[in-house]
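J.: Have a look at this one.
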Amino acid sequence: MLALQSDWRIAVDVDGLLLAVRGPVWPRVRRLPARRGWVVGDLFRRTFRPVADDEADHLMISQACPALEVAERLRDTYWGRYVALIDPVRAAGGVYRDPSGAVDALTWRGDRLSVAAAQCPAWMPPGLAPAVTFDWPEIGRWLVDGSAPAVRSGLRSVRSVTPGAFAAFAGGERQVWRPSDYAQRPSMSAADAATALPDLLDQCVAASIADAAGIAAEISGGLDSAILASSLAPAGGERVRHWFNYHAAEGSGDERPFARDVAARWGVRLTEVFRAPFRYDAELLEGGALGLRPGFQAFDAAADIDLARRLAEAGCDRMVSGQGGDMALFNIPTAVVVADHLRATGLRGVSSPYVADVARWTRQSVWRTLGQALKPGAAWWGEAKLHDHPWMAGTAGLPPGKRAHIAIIAQKLTAHIENRRSRQAEILTPFLFQPIVEHCLAIPVPDLTAGGRERALARRAFAARLPVSVLERREKGEFSAFYHRVIADSLPFLRGYLLDGELAGAGLIDTDRFDRLLTVENLIWHADSAPIMAAATAEAWVRCWRRRGGGSSPAS
């Protein structure tokens with residue numbers, strides 16, 4: 001008999017299938033019609049009406065419908081935060097993960113069994129747990145590509161299911177939902193798109209919190225959290241028990257004046273939390289690296305611990321996050337958006353004010369901006385890292401700004417990686433919900449950035465709901481100085497942890513380079529902390545799994 005921990009329950013126990021989920025209520029487990037399998041998580045109709053608790057009631061399928069087609073019908077009929085096990089006891093079955101990626105899905109072969117899971121809890125017996133054989137090339141990729149951990153596993157025995165994909169048990173993956181399909185569709189006018197966006201967000205937020213007992217949300221002082229508050233405050237009411245703002249002492253890390261304006265606009269009580277400097281140690285790093293993926297979202301370990309505690313104390317089972325807003329609404333200054341503009345207008349668009357507006361946004365001359373936009377093969381610099389990401393398939397014919405749009409959304413899929421706060425409450429990221437992403441993908445990038453302003457269409461759409469201070473704000477909150485200080489204070493620990501660690505032993509980091517990076521002088525003169533944090537997070541994950549299963553030698 002399988003001995004589950006007290007916070008886990010067996011939801012389905014039938015011949016050939018044992019389905020265990022964590023928590024007494026969420027995630028829900030629903031049957032697929034015609035006995036085709038099960039859906040784990042939240043499911044909503046495209047009309048935003050709730051789905052019956054016992055079954056996906058509007059899914060028209062039969063016993064003869066191929067498993068891949070069942071996934072396609074789920075894609076078209078519903079949205080939500082879910083994973084579907086389709087024909088789980090048949091050789092032709094597989095796993096479909098919804099496009100938001102909010103519920104994780106990885107598969108592996110256990111002792112005479114196939115396993116699909118979002119987590120690998122400590123109670124899982126050795127015969128079911130994945131073999132701990134590190135895939136060093138993939139782990140090395142984590143160090144240079146921030147999107148890789150969300151779609152690639154660091155264990156050879158484990159296969160990661162891409163959001164929006166159907167992964168067959170027999171092998172192979174088919175991308176059922178592709179961003180390029182929505183980016184290529186005829187869009188409504190910019191005015192209509194802006195008009196539709198607030199109502200769409202309102203409905204998504206209301207549906208996702210309908211059964212929440214207690215809710216927490218951050219008001220950072222930035223645009224995305226302010227927009228989200230405008231939907232959540234009316235829908236959540238008194239169930240939103242905790243509105244919080246984290247701030248640092250360093251300059252732009254203190255956004256409290258803006259956050260206070262948002263709280264006053266909606267009449268909510270804001271809890272302001274000072275981010276005190278801390279020092280990394282093995283316990284802090286490895287406490288956020290216990291999942292099947294590295295905890296890159298929990299690099300601010302102190303805030304992760306503090307927030308998990310606050311969620312527990314306030315009795316919150318949901319936390320609403322503005323993560324993904326920068327990506328879906330488009331907030332990356334790049335001259336290639338002018339290429340999208342010229343594709344739509346022709347050469348007459350060269351004299352358009354939009355070109356000069358983008359030049360000011362990217363802080364360069366008009367001539368340099370045009371040169372970058374007209375350059376053969378023009379592309380946002382970060383696109384190259386995602387060249388083989390499944391979401392980039394079919395994007396070759398899209399203008400470079402829209403390819404960049406897809407790439408930055410793909411990067412944010414790491415928001416759903418397990419961490420301390422997600423073990424305490426379900427983290428909702430409405431800007432990454434399927435209806436919102438599809439709506440934004442269908443809007444041309446020049447419309448999203450009208451006037452050479454990041455998130456311009458969103459500013460126009462939500463103007464009536466936002467304080468003037470936030471609406472007109474130009475600069476963005478920045479915590480890099482805070483993190484540089486934390487890393488500087490942690491250098492004695494980090495030097496030994498990395499220079500004598502697993503990644504160094506596997507040859508994944510250049511110890512001479514990191515010897516130079518891990519100095520106060522580097523942090524002062526170059527502010528080069530990103531590779532340090534990427535390496536520390538990956539190192540923590542490898543060490544956790546090494547202890548759990550023995551791992552493999554660096555040479556394997």
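Letters A, B, ... mark the chains of the structure tokens in the order given; residue numbers begin at 1 per chain; ligand numbers begin at 1, in order shown.
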Set the distance at 12 Å and use only C-alpha atoms: which residues neighbour A:Ser529 once local chain neighbours fewer than 6 positions away are removed? I'd like the list as a list in words.

T.: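 Surrounding residues, per the criterion: Phe299, Ser480, Ala481, Phe482, Tyr483, His484, Arg485, Val486, Ile487, Ala488, Leu491, Leu494, Phe514, Arg516, Leu517, Leu518, Thr519, Val520, Glu521, Asn522, Leu523, Ala535 and Ala536 of chain A.
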
J.: Pick out the closest residue to A:Glu255 from this set: A:Phe44, A:Phe479, A:Trp391, A:Tyr78. Count only C-alpha atoms.

T.: A:Phe479

J.: Identify, with DSSP run on backbone atoms, the residues in stretch 254-470 of chain A assigned to strand (DSSP E), and express the list as a list of chain:residue names.

T.: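 The strand (DSSP E) residues within stretch 254-470 of chain A come out as A:Leu270, A:Thr271, A:Glu272, A:Val273, A:Phe274, A:Arg318, A:Met319, A:Val320, A:Glu426, A:Ile427, A:Leu428.
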
J.: Neighbouring residues of A:Gly315 were defined as those with any atom within 9 Å, considering only C-alpha atoms; residues of the same chain fewer than 6 positions away were excluded. Please report them as JSON, numbers by chain.

T.: {"A": [213, 214, 215, 241]}
